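Enquirer: What follows is data_39.txt, compact mmCIF, C-alpha atoms and all ligand atoms.
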```
# COMPACT_ATOMS: atom_id res chain seq x y z
CA MET Y 229 42.27 77.15 3.62
CA GLU Y 230 41.98 80.37 5.64
CA ALA Y 231 42.29 79.92 9.40
CA SER Y 232 39.08 81.86 9.99
CA GLU Y 233 37.16 79.35 7.85
CA VAL Y 234 38.74 76.29 9.42
CA TRP Y 235 38.49 77.25 13.07
CA GLY Y 236 35.05 78.90 13.12
CA PRO Y 237 34.10 80.14 16.60
CA ARG Y 238 37.54 79.34 18.02
CA TRP Y 239 39.03 81.91 15.63
CA LYS Y 240 36.38 84.54 16.43
CA MET Y 241 36.43 84.14 20.20
CA CYS Y 242 40.16 83.74 20.72
CA ASP Y 243 41.89 86.39 22.87
CA ASN Y 244 45.52 85.25 22.78
CA SER Y 245 47.71 86.31 19.85
CA LEU Y 246 49.81 83.15 19.90
CA ALA Y 247 46.69 81.01 19.66
CA ARG Y 248 45.79 82.87 16.47
CA ARG Y 249 49.27 82.27 15.14
CA TYR Y 250 48.92 78.59 15.91
CA MET Y 251 45.58 78.39 14.10
CA GLU Y 252 47.23 80.00 11.06
CA VAL Y 253 50.24 77.67 11.08
CA ALA Y 254 48.01 74.61 11.55
CA SER Y 255 45.83 75.70 8.62
CA ARG Y 256 48.84 76.34 6.37
CA LYS Y 257 50.38 73.00 7.19
CA GLN Y 258 47.11 71.07 7.54
CA SER Y 259 48.35 69.54 10.75
CA LEU Y 260 47.47 69.77 14.44
CA VAL Y 261 50.59 67.85 15.41
CA VAL Y 262 52.80 69.15 18.19
CA LEU Y 263 55.96 67.08 18.22
CA ALA Y 264 57.12 66.19 21.74
CA ALA Y 265 60.79 66.19 20.77
CA ASP Y 266 62.06 64.31 23.80
CA LEU Y 267 65.52 63.66 22.40
CA ARG Y 268 68.80 63.88 24.27
CA THR Y 269 71.21 65.49 21.81
CA MET Y 270 71.26 68.64 19.71
CA GLY Y 271 72.12 66.52 16.65
CA ASP Y 272 69.14 64.21 17.10
CA LEU Y 273 66.83 67.19 17.60
CA LYS Y 274 68.04 68.85 14.44
CA SER Y 275 67.70 65.66 12.38
CA MET Y 276 64.18 65.11 13.71
CA ILE Y 277 63.10 68.67 12.82
CA ASN Y 278 64.43 68.13 9.30
CA LEU Y 279 62.62 64.83 8.96
CA VAL Y 280 59.19 65.80 10.25
CA GLY Y 281 59.19 69.63 10.08
CA PRO Y 282 56.83 69.85 7.08
CA HIS Y 283 54.16 67.76 8.84
CA ILE Y 284 54.02 69.37 12.28
CA ALA Y 285 52.73 72.74 13.52
CA ALA Y 286 54.73 73.15 16.72
CA LEU Y 287 57.89 71.85 18.31
CA LYS Y 288 57.64 70.98 22.00
CA THR Y 289 60.94 70.90 23.85
CA HIS Y 290 62.23 69.95 27.29
CA VAL Y 291 65.32 72.12 27.21
CA ASP Y 292 66.75 70.57 30.39
CA LEU Y 293 66.66 67.09 28.84
CA VAL Y 294 69.41 67.81 26.31
CA ASP Y 295 72.82 66.45 27.36
CA ASP Y 296 74.96 68.60 25.06
CA TRP Y 297 72.84 71.79 25.29
CA ASP Y 298 74.64 74.91 24.13
CA ALA Y 299 73.14 78.40 23.94
CA GLU Y 300 74.46 79.31 20.52
CA GLU Y 301 73.53 75.99 18.94
CA TRP Y 302 70.10 76.20 20.55
CA GLY Y 303 69.59 79.60 18.91
CA GLU Y 304 70.43 78.04 15.56
CA LEU Y 305 68.05 75.15 16.23
CA CYS Y 306 65.22 77.56 16.98
CA HIS Y 307 66.02 79.52 13.83
CA HIS Y 308 65.87 76.27 11.92
CA ALA Y 309 62.50 75.42 13.49
CA LYS Y 310 61.18 78.85 12.47
CA LYS Y 311 62.25 78.17 8.88
CA HIS Y 312 59.95 75.14 9.07
CA ASP Y 313 57.12 77.46 10.17
CA LEU Y 314 56.93 75.95 13.67
CA LEU Y 315 55.85 77.49 16.93
CA ILE Y 316 58.30 76.72 19.72
CA PHE Y 317 56.80 75.39 22.90
CA GLU Y 318 58.97 74.83 25.99
CA ASP Y 319 57.20 72.35 28.22
CA ARG Y 320 58.83 73.68 31.39
CA LYS Y 321 55.77 73.18 33.62
CA PHE Y 322 56.53 76.26 35.70
CA ALA Y 323 54.88 76.13 39.13
CA ASP Y 324 56.43 78.78 41.39
CA ILE Y 325 55.13 82.18 42.48
CA GLY Y 326 54.84 84.87 39.79
CA LYS Y 327 58.07 86.72 40.60
CA ILE Y 328 60.23 83.59 40.52
CA SER Y 329 58.59 82.30 37.36
CA ARG Y 330 59.42 85.60 35.69
CA GLY Y 331 63.06 85.11 36.72
CA GLN Y 332 63.06 81.50 35.54
CA MET Y 333 62.01 82.69 32.09
CA ALA Y 334 65.49 84.29 31.98
CA GLY Y 335 68.29 82.31 33.66
CA ALA Y 336 70.77 80.13 31.81
CA TYR Y 337 68.27 78.85 29.26
CA ASP Y 338 66.69 82.27 28.63
CA ILE Y 339 63.39 80.59 27.72
CA ARG Y 340 61.65 83.97 27.25
CA SER Y 341 63.84 84.76 24.22
CA TRP Y 342 62.96 81.75 22.08
CA SER Y 343 59.73 80.18 23.34
CA ASP Y 344 56.32 81.10 21.94
CA ILE Y 345 54.42 78.97 24.42
CA VAL Y 346 55.24 77.50 27.83
CA THR Y 347 53.37 75.18 30.19
CA ALA Y 348 52.54 76.05 33.80
CA HIS Y 349 50.80 74.43 36.71
CA GLY Y 350 48.32 76.67 38.50
CA ILE Y 351 49.07 75.25 41.93
CA SER Y 352 50.69 78.50 43.15
CA GLY Y 353 47.75 80.68 42.07
CA PRO Y 354 46.89 82.81 39.02
CA ASP Y 355 49.81 85.26 39.31
CA ILE Y 356 52.10 82.74 37.66
CA VAL Y 357 50.56 83.75 34.32
CA ASP Y 358 51.41 87.42 34.97
CA GLY Y 359 54.95 86.37 35.92
CA LEU Y 360 55.48 84.40 32.71
CA CYS Y 361 53.99 87.15 30.53
CA ALA Y 362 56.25 89.68 32.28
CA GLY Y 363 59.16 87.40 31.36
CA TRP Y 364 58.33 87.72 27.67
CA SER Y 365 57.68 91.47 28.00
CA ASP Y 366 61.14 91.88 29.52
CA VAL Y 367 62.57 91.03 26.09
CA ASP Y 368 59.78 92.74 24.11
CA ARG Y 369 58.15 89.50 23.10
CA GLU Y 370 54.70 88.01 23.48
CA GLY Y 371 53.84 84.45 24.33
CA GLY Y 372 51.06 82.20 25.51
CA VAL Y 373 50.74 80.06 28.61
CA LEU Y 374 49.26 76.57 28.50
CA LEU Y 375 47.87 75.71 31.91
CA LEU Y 376 47.70 72.09 32.98
CA ALA Y 377 44.01 71.42 33.62
CA GLN Y 378 44.32 67.64 33.26
CA MET Y 379 47.20 65.20 32.80
CA SER Y 380 47.63 61.97 30.90
CA SER Y 381 49.58 60.11 33.58
CA ARG Y 382 47.98 57.54 35.84
CA GLY Y 383 47.10 58.70 39.36
CA ASN Y 384 47.80 62.39 38.76
CA LEU Y 385 46.44 64.70 41.46
CA LEU Y 386 44.77 67.09 39.00
CA GLU Y 387 41.95 64.52 39.02
CA ILE Y 388 41.06 65.51 42.59
CA PRO Y 389 37.54 67.00 42.35
CA GLY Y 390 37.51 70.74 41.85
CA TYR Y 391 41.06 71.21 40.54
CA THR Y 392 40.27 71.27 36.82
CA ASP Y 393 37.30 73.61 37.36
CA ALA Y 394 39.42 76.01 39.39
CA MET Y 395 42.15 75.97 36.74
CA VAL Y 396 39.69 76.65 33.94
CA ALA Y 397 38.00 79.46 35.89
CA ALA Y 398 41.35 81.14 36.58
CA GLY Y 399 42.71 80.67 33.06
CA CYS Y 400 39.75 81.55 30.86
CA SER Y 401 39.69 85.20 31.88
CA HIS Y 402 43.41 85.89 31.27
CA SER Y 403 44.47 86.93 27.77
CA GLY Y 404 48.00 85.62 28.44
CA VAL Y 405 46.57 82.13 28.60
CA PHE Y 406 46.90 80.30 25.30
CA GLY Y 407 44.85 77.39 26.55
CA PHE Y 408 44.87 74.22 28.59
CA ILE Y 409 46.52 70.84 28.59
CA GLY Y 410 43.88 68.09 28.57
CA ASN Y 411 44.09 64.34 28.98
CA GLY Y 412 44.29 63.00 25.44
CA SER Y 413 44.21 59.42 26.66
CA ASN Y 414 40.51 59.70 27.49
CA SER Y 415 38.13 61.35 25.03
CA ASP Y 416 35.42 61.78 27.71
CA ASP Y 417 37.89 63.84 29.74
CA VAL Y 418 38.66 65.98 26.67
CA ALA Y 419 34.94 66.50 25.93
CA SER Y 420 34.25 67.43 29.53
CA LEU Y 421 37.16 69.89 29.54
CA ARG Y 422 35.95 71.44 26.30
CA SER Y 423 32.46 71.94 27.69
CA ARG Y 424 33.96 73.83 30.63
CA VAL Y 425 36.47 75.86 28.59
CA GLY Y 426 34.14 77.01 25.79
CA ASP Y 427 35.54 78.34 22.51
CA LYS Y 428 37.86 81.06 23.73
CA LYS Y 429 40.89 78.91 24.53
CA MET Y 430 42.91 76.13 22.96
CA ILE Y 431 43.04 72.62 24.36
CA TRP Y 432 46.17 70.62 23.54
CA THR Y 433 46.34 66.96 24.44
CA PRO Y 434 49.31 64.72 25.23
CA GLY Y 435 48.76 61.00 25.82
CA VAL Y 436 47.80 60.21 22.24
CA ASN Y 437 49.14 57.44 20.07
CA ILE Y 438 47.70 55.50 17.17
CA ALA Y 439 48.64 52.41 19.23
CA ILE Y 440 46.41 53.15 22.22
CA GLY Y 441 46.93 51.64 25.69
CA ASP Y 442 49.45 52.01 28.49
CA GLY Y 443 52.85 53.55 27.87
CA GLU Y 444 56.01 53.61 29.95
CA MET Y 445 55.91 54.56 33.64
CA GLY Y 446 52.25 55.39 34.03
CA GLN Y 447 51.71 57.17 30.71
CA ARG Y 448 48.34 56.40 29.11
CA TYR Y 449 47.46 56.71 25.42
CA GLY Y 450 44.21 57.35 23.59
CA ASP Y 451 43.22 57.71 19.97
CA PRO Y 452 44.28 61.02 18.34
CA ARG Y 453 41.21 61.20 16.11
CA LYS Y 454 38.86 60.82 19.06
CA ALA Y 455 40.80 63.46 21.00
CA VAL Y 456 40.30 66.01 18.20
CA LEU Y 457 36.65 65.08 17.68
CA SER Y 458 36.13 65.60 21.43
CA GLY Y 459 37.57 69.09 21.35
CA SER Y 460 41.38 68.92 21.24
CA ASP Y 461 42.98 71.60 19.05
CA GLY Y 462 46.49 70.17 19.10
CA ILE Y 463 47.75 66.61 19.56
CA ILE Y 464 51.05 66.31 21.40
CA VAL Y 465 52.83 63.25 20.05
CA GLY Y 466 56.23 62.04 21.24
CA SER Y 467 57.12 58.34 20.99
CA GLY Y 468 54.42 57.85 18.34
CA ILE Y 469 56.72 59.83 16.03
CA HIS Y 470 60.29 59.89 17.34
CA GLY Y 471 60.13 56.33 18.70
CA VAL Y 472 59.14 54.53 15.50
CA ASN Y 473 61.16 53.33 12.50
CA ASN Y 474 59.72 55.87 10.10
CA PRO Y 475 59.18 59.18 11.94
CA ARG Y 476 58.39 61.10 8.76
CA GLY Y 477 55.69 58.63 7.71
CA ALA Y 478 54.25 58.66 11.23
CA ALA Y 479 54.20 62.48 11.39
CA GLU Y 480 52.42 62.55 8.05
CA GLU Y 481 49.85 60.05 9.32
CA TYR Y 482 49.19 61.96 12.58
CA ALA Y 483 48.89 65.18 10.57
CA LEU Y 484 46.31 63.65 8.25
CA VAL Y 485 44.29 62.07 11.06
CA SER Y 486 44.27 65.31 13.08
CA TRP Y 487 43.42 67.55 10.14
CA GLU Y 488 40.60 65.33 8.88
CA ALA Y 489 39.17 65.11 12.40
CA LEU Y 490 39.25 68.92 12.70
CA LEU Y 491 37.37 69.31 9.42
CA GLU Y 492 34.89 66.61 10.44
CA ARG Y 493 34.36 68.43 13.75
CA GLY Y 494 33.75 71.64 11.84
CA GLY Y 495 36.41 73.66 13.66
CA PHE Y 496 34.73 73.68 17.06
O1 LIG T 501 49.84 65.29 31.18
C1 LIG T 501 50.79 65.38 30.43
C2 LIG T 501 51.32 66.63 30.06
C3 LIG T 501 52.37 66.66 29.16
S1 LIG T 501 52.87 68.21 28.59
N1 LIG T 501 51.34 64.27 29.90
C4 LIG T 501 52.41 64.29 29.04
O2 LIG T 501 52.85 63.22 28.58
N2 LIG T 501 52.97 65.51 28.68
C5 LIG T 501 54.15 65.59 27.78
O3 LIG T 501 53.80 65.02 26.52
C6 LIG T 501 55.38 64.83 28.29
O4 LIG T 501 56.22 65.71 29.01
C7 LIG T 501 56.02 64.31 27.00
O5 LIG T 501 56.95 65.26 26.50
C8 LIG T 501 54.88 64.21 26.00
C9 LIG T 501 54.34 62.81 25.77
O6 LIG T 501 55.27 62.02 25.11
P1 LIG T 501 54.89 60.55 24.57
O7 LIG T 501 56.20 59.99 24.14
O8 LIG T 501 54.30 59.79 25.71
O9 LIG T 501 53.93 60.74 23.43
```
Just dump the structure as structure tokens.
Ligand code: S5P
Expert:
Amino acid sequence: MEASEVWGPRWKMCDNSLARRYMEVASRKQSLVVLAADLRTMGDLKSMINLVGPHIAALKTHVDLVDDWDAEEWGELCHHAKKHDLLIFEDRKFADIGKISRGQMAGAYDIRSWSDIVTAHGISGPDIVDGLCAGWSDVDREGGVLLLAQMSSRGNLLEIPGYTDAMVAAGCSHSGVFGFIGNGSNSDDVASLRSRVGDKKMIWTPGVNIAIGDGEMGQRYGDPRKAVLSGSDGIIVGSGIHGVNNPRGAAEEYALVSWEALLERGGF
């Protein structure tokens, strides 16, 4: 199916080029699954991409979690991910002032050269988005920033009244913003975020698992189907895929659930 048909108003209204690319990949692969590849070795990461690559739309990494990280091998891994038609999303959760964030896009990991999307907190003010976009421009690339508007973890301070509204107000008007992270563990939170965000930006939701309930160390999980029906455009799934006996089967199941929910929702 064509992305413009599937995504309806989201496709028409969208002002970030990476978000369009995501909508195309998701439509080609019939999957809204973003794999949270929280694995500790390059070998395990590569095997996981091979196993589940056909069923996911984006690969979310925590580059500083990998024990045997190596620049050259990482380049090969990213190349491999691209062959699987995946967007690469470094969940770095940048939070510093714009100038420093721009510098941190370079550094030892050189995130600007291989990431399509990164996460950022808005706590330091809106210039962080300019800083991150400048990081990509420094190597003649374009990317999209996902701002944390909500979190899935228990007791997070983004729940303090006013924070989410301020984040959405700052992010919606910036074309460098791909979208927002919402709390996938609670479909009312996702629906409320969607009503504030409108159609112009993506909402991606961690904290989803077919086995709903509490996870490790304060993580909370909600139902992926409900998250998409409430307005999530991408489900971020970690342990639900890499932590089970049959990751490929699980990825396929999350893909199906997410895609059917998107079609049921009618794209918006
Ligand atoms: O609020 C959040 C934001 C993020 S990006 N809660 C989260 O859990 N995440 C990320 O999603 C987290 O860093 C991890 O990589 C993933 C969730 O993994 P899971 O194993 O709990 O599904």
Enquirer: If you measure from atom CA of Ile431 of chain Y to atom CA of Ala419 of chain Y, what distance in Å do you get, rounded to one decimal?
Expert: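 Atom-to-atom, atom CA of Ile431 of chain Y and atom CA of Ala419 of chain Y are spaced 10.3 Å apart.
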Enquirer: Could you tell me, counting all atoms listed in the file, which protein and nucleic acid residues lie no more than 8 Å from ligand LIG 501 (chain T), written as an MDAnalysis selection string?
Expert: chainID Y and resid 264:266 288:290 319 321 347 376 378:381 409:411 433:437 443:444 447:449 464:471
Enquirer: Could you check the closest approach to Asn278 of chain Y for each of Y:Arg424, Y:Ala309, Y:Ala489, Y:Trp302 and tell me which residue wins, using all atoms listed in the file?
Expert: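 Residue with the minimum atom-to-atom distance to Asn278 of chain Y: Y:Ala309.
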Enquirer: Here is a test: counting all atoms listed in the file, which residue of Y:Ala455, Y:Ala254, Y:Ala394, Y:Ala334 is nearest to Leu315 of chain Y?
Expert: Y:Ala254
Enquirer: Counting all atoms listed in the file, which residues of segment 335-430 of chain Y fall within 9 Å of segment 231-244 of chain Y, and what is the closest atom pair for each with its distance in Å at one decimal, ordered by chain and rising number, as a Markdown table?
Expert:
```
| residue | atom | partner | partner_atom | distance |
| --- | --- | --- | --- | --- |
| Y:Gly371 | CA | Y:Asn244 | CA | 8.5 |
| Y:Gly372 | CA | Y:Asn244 | CA | 6.9 |
| Y:His402 | CA | Y:Asp243 | CA | 8.6 |
| Y:Ser403 | CA | Y:Asn244 | CA | 5.4 |
| Y:Gly404 | CA | Y:Asn244 | CA | 6.2 |
| Y:Val405 | CA | Y:Asn244 | CA | 6.7 |
| Y:Phe406 | CA | Y:Asn244 | CA | 5.7 |
| Y:Gly407 | CA | Y:Asn244 | CA | 8.7 |
| Y:Gly426 | CA | Y:Arg238 | CA | 8.8 |
| Y:Asp427 | CA | Y:Arg238 | CA | 5.0 |
| Y:Lys428 | CA | Y:Cys242 | CA | 4.6 |
| Y:Lys429 | CA | Y:Cys242 | CA | 6.2 |
| Y:Met430 | CA | Y:Arg238 | CA | 8.0 |
```
Enquirer: Name all residues at most 7 Å from Ser415 of chain Y (count only C-alpha atoms; drop same-chain ones fewer than 2 positions away) and give them as a list in words.
Expert: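 Close residues of Ser415 of chain Y: Gly412, Ser413, Asp417, Val418, Ala419, Lys454, Ala455 and Ser458 of chain Y.
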Enquirer: With 7 Å as the threshold, what does the neighbourhood of (54.3, 67.4, 9.9) contain in terms of residues, counting all atoms listed in the file? Coordinates are those of the file; answer as a ChimeraX atom specification.
Expert: /Y:259,261,280-285,479-480,483
Enquirer: Take every atom of segment 480-494 of chain Y listed in the file, fit an axis-aligned box around them, add 8 Å per side, and give the centre and edge lengths in Å to one decimal as JSON.
Expert:
```
{"center_x": 43.1, "center_y": 65.8, "center_z": 10.9, "size_x": 34.7, "size_y": 27.6, "size_z": 21.7}
```
Enquirer: Looking at Y:Met270, Y:Ala323, Y:Leu314, Y:Val262, which one is nearest to Glu301 of chain Y, with distances taken over all atoms listed in the file?
Expert: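 Among the listed residues, Y:Met270 lies closest to Glu301 of chain Y.
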Enquirer: Which is closer to Val373 of chain Y than all the others in Y:Ala398, Y:Ser255, Y:Glu387, Y:Leu246, using only C-alpha atoms?
Expert: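 Checking each of Y:Ala398, Y:Ser255, Y:Glu387, Y:Leu246 against Val373 of chain Y, counting only C-alpha atoms, the winner is Y:Leu246.
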Enquirer: I need the residue nearest Leu374 of chain Y from this list: Y:Arg453, Y:Arg320, Y:Arg422, Y:Arg268. Use all atoms listed in the file for the distance.
Expert: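 Counting all atoms listed in the file, the residue closest to Leu374 of chain Y is Y:Arg320.
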Enquirer: Atom CA of Pro452 of chain Y and atom CA of Ile440 of chain Y are how many Å apart?
Expert: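 It comes out at 9.0 Å.
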Enquirer: Using all atoms listed in the file, what residues lie at most 8 Å away from (53.4, 79.6, 45.3) (file coordinates), given as a PDB file with C-alpha atoms, in the coordinates of the input?
Expert:
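Dumped everything to point-v3.pdb:
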```pdb
ATOM      1  CA  ALA Y 323      54.880  76.130  39.130  1.00  0.00           C
ATOM      2  CA  ASP Y 324      56.430  78.780  41.390  1.00  0.00           C
ATOM      3  CA  ILE Y 325      55.130  82.180  42.480  1.00  0.00           C
ATOM      4  CA  GLY Y 326      54.840  84.870  39.790  1.00  0.00           C
ATOM      5  CA  ILE Y 351      49.070  75.250  41.930  1.00  0.00           C
ATOM      6  CA  SER Y 352      50.690  78.500  43.150  1.00  0.00           C
ATOM      7  CA  GLY Y 353      47.750  80.680  42.070  1.00  0.00           C
TER       8      GLY Y 353
END
```
Enquirer: What does the structure give for the distance between atom CA of Val253 of chain Y and atom CA of Ser423 of chain Y, in Å to one decimal?
Expert: 25.0 Å
Enquirer: Counting only C-alpha atoms, which of Y:Arg476, Y:His349, Y:Lys311, Y:Arg330 gets nearest to Trp364 of chain Y?
Expert: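 Going through Y:Arg476, Y:His349, Y:Lys311, Y:Arg330 one by one, the smallest distance to Trp364 of chain Y is for Y:Arg330.
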